[in-house]
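To keep things clear, I will list the structure first and then write my remarks on it.
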Amino acid sequence: MSGASAPGRFLTFEGIDGAGKSSQIAGACAWLDARGISLEQTREPGGTPLGEQLRGLLLHEAMHIETEAMLMFAARREHLAQRIAPALTAGRWVVSDRFSDATYAYQVGGRGLDAAKFAALEAWVHPDFQPDLTFLFDLDPAIAAARVASAGAAPDRFEREQRDFFERVRAAYLVRAAAAPERFCVIDASRPPADIAAKIGATLAERFFT
Ligand SMILES: Nc1ncnc2c1ncn2[C@@H]1O[C@H](COP(=O)(O)OP(=O)(O)OP(=O)(O)O)[C@@H](O)[C@H]1O
Ligand SMILES: Cc1cn([C@H]2C[C@H](O)[C@@H](COP(=O)(O)O)O2)c(=O)[nH]c1=O
């Protein structure tokens with residue numbers, strides 16, 4: 001599978017917990033739908049029945065950091081095989097709430113996983129394949145934590161992490177974005193939702209509809 005040869009497009013949304021990406025995904029999908037794009041909306045970890053079972057473990061069961069990284073990639077392998085590759089091959093677009101950039105940010109940046117082990121897993125599971133475009137929602141972890149708290153849901157294993165964990169995750173995301181500036185659109189997630197939606201629409205228009 002190759003991003004360059006796939007007729008569909010693969011878009012991902014990334015950021016620390018509470019940055020606001022989920023709130024914008026539906027709007028982005030509606031924007032694409034209005035332009036006649038057939039698409040699938042999905043998420044990681046998850047996106048398949050097995051992936052959703054792995055998500056339950058990953059978000060709620062304590063485990064070794066390498067187990068965590070390998071389960072993220074196991075769920076991703078299934079996601080690629082069952083959802084992402086078939087959709088792209090059929091010409092549909094795929095919009096995913098997170099992909100491998102999240103593993104780099106959370107497991108390498110946040111938890112301290114050896115970057116070489118991340119690179120080996122990435123090269124095994126999706127060699128020569130990356131999203132066509134990634135929206136990175138960049139936000140001060142203090143603001144993100146306040147948003148998560150005000151949303152009122154019971155926090156999962158990641159959302160219970162301390163502020164310094166999210167500082168490291170945020171920094172790792174920005175390193176990853178700086179390494180592939182042609183793929184990333186970094187969004188100032190402190191802006192009002194309407195401004196962010198306008199930025200996403202303008203970026204999609206410029207990248208795919210001009
Ligand atoms: N631009 C914004 N300004 C202020 N509040 C926002 C903004 N975007 C989202 N929120 C609010 O912040 C909370 C978290 O938003 P959302 O669930 O979209 O974040 P997320 O990045 O998907 O988080 P998670 O990864 O934990 O699911 C929600 O209560 C949402 O209404
Ligand atoms: C794909 C992926 C995800 N995570 C973490 C990041 C979040 O805290 C949760 C997913 O929940 P959300 O509803 O998307 O916020 O999982 C991770 O640590 N590594 C990954 O590869």
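Every chain in the structure tokens has a letter given in the order shown (A, B, ...), and although residue numbers restart at 1 in each chain, ligands are simply numbered from 1 in the order shown.
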All residues having an atom within 9 Å of ligand 2 (only C-alpha atoms and all ligand atoms) as a PyMOL selection string: chain A and resi 14-18+21-22+43-46+55+58-59+68-69+71-73+75-76+97-107+110-111+156-159
Surrounding residues of Pro193 in chain A excluding itself and chain neighbours under 6 positions, 12 Å, only C-alpha atoms, as a PyMOL selection string: chain A and resi 19-25+27+137+187+199-200
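Every protein, DNA or RNA residue with an atom at most 8 Å from Gly47 in chain A, where only C-alpha atoms count and chain neighbours fewer than 5 positions away do not, is listed here: Thr42, Glu52, His79 and Arg83 of chain A.
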Dump of N, CA and C atoms for the selected residues, as a PDB file, in the first residue's frame:
```pdb
ATOM      1  N   THR A  42     -13.146   7.476  11.275  1.00  0.00           N
ATOM      2  CA  THR A  42     -12.716   6.399  12.152  1.00  0.00           C
ATOM      3  C   THR A  42     -11.805   6.954  13.242  1.00  0.00           C
ATOM      4  N   GLU A  52     -11.402  -1.922  18.692  1.00  0.00           N
ATOM      5  CA  GLU A  52     -12.181  -1.337  19.790  1.00  0.00           C
ATOM      6  C   GLU A  52     -11.997  -2.141  21.080  1.00  0.00           C
ATOM      7  N   HIS A  79      -6.594  -2.094  11.678  1.00  0.00           N
ATOM      8  CA  HIS A  79      -7.289  -0.926  11.128  1.00  0.00           C
ATOM      9  C   HIS A  79      -6.892  -0.699   9.666  1.00  0.00           C
ATOM     10  N   ARG A  83     -10.000  -1.475   7.316  1.00  0.00           N
ATOM     11  CA  ARG A  83     -10.708  -0.223   7.033  1.00  0.00           C
ATOM     12  C   ARG A  83      -9.946   0.705   6.088  1.00  0.00           C
TER      13      ARG A  83
END
```
Shell around range 126-136 of chain A at 7 Å using only C-alpha atoms, local window under 6 positions removed, as a ChimeraX atom specification: /A:1-3,9-15,183-187
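Atom pair CA of His60 in chain A / CA of Pro155 in chain A has a distance of 9.6 Å (rounded to one decimal).
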Minimum-distance residue to ligand 1, chosen among A:Asp114, A:Glu61, A:Glu182, A:Glu161 (using only C-alpha atoms and all ligand atoms): A:Glu161
Residues flagged helix (DSSP H, G or I) by DSSP in range 9-136 of chain A, as a ChimeraX atom specification: /A:21-33,49-60,65-89,100-110,115-125
Residue contacts of Ala26 in chain A (10 Å, only C-alpha atoms) excluding same-chain residues fewer than 5 positions away, as a ChimeraX atom specification: /A:21,31-32,41,95
Strand (DSSP E) call set, DSSP backbone run, range 46-204 of chain A, as a list in words: Trp93, Val94, Val95, Ser96, Asp97, Leu133, Thr134, Phe135, Leu136, Phe137, Asp138, Phe184, Cys185, Val186, Ile187 and Asp188 of chain A
Of the listed residues A:Ala180, A:Gln162, A:Gly152, A:Ala90, that which approaches ligand 1 most closely, counting only C-alpha atoms and all ligand atoms: A:Gly152
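Using only C-alpha atoms and all ligand atoms, the nearest neighbour of ligand 1 within the list A:Pro7, A:Asp195, A:Arg147, A:Phe165 is A:Arg147.
One distance worth recording is that between CA of Leu204 in chain A and atom 31 (O, counted along the ligand's line) of ligand 1, which is 22.7 Å.
Take CA of Gly91 in chain A and CA of Gly8 in chain A: the distance between them is 4.2 Å.
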Residue with smallest distance to ligand 1 - pool A:Leu113, A:Ala179, A:Val169, A:Ala149, counting only C-alpha atoms and all ligand atoms: A:Ala149
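Of the residues listed (A:Ala197, A:Ala205, A:Ala142, A:Ala151), A:Ala151 shows the shortest atom-to-atom separation from ligand 1; distances use only C-alpha atoms and all ligand atoms.
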From A:Ala189, A:Ala172, A:Leu121, A:Ala178, residue lying nearest Asp138 in chain A [only C-alpha atoms]: A:Ala189
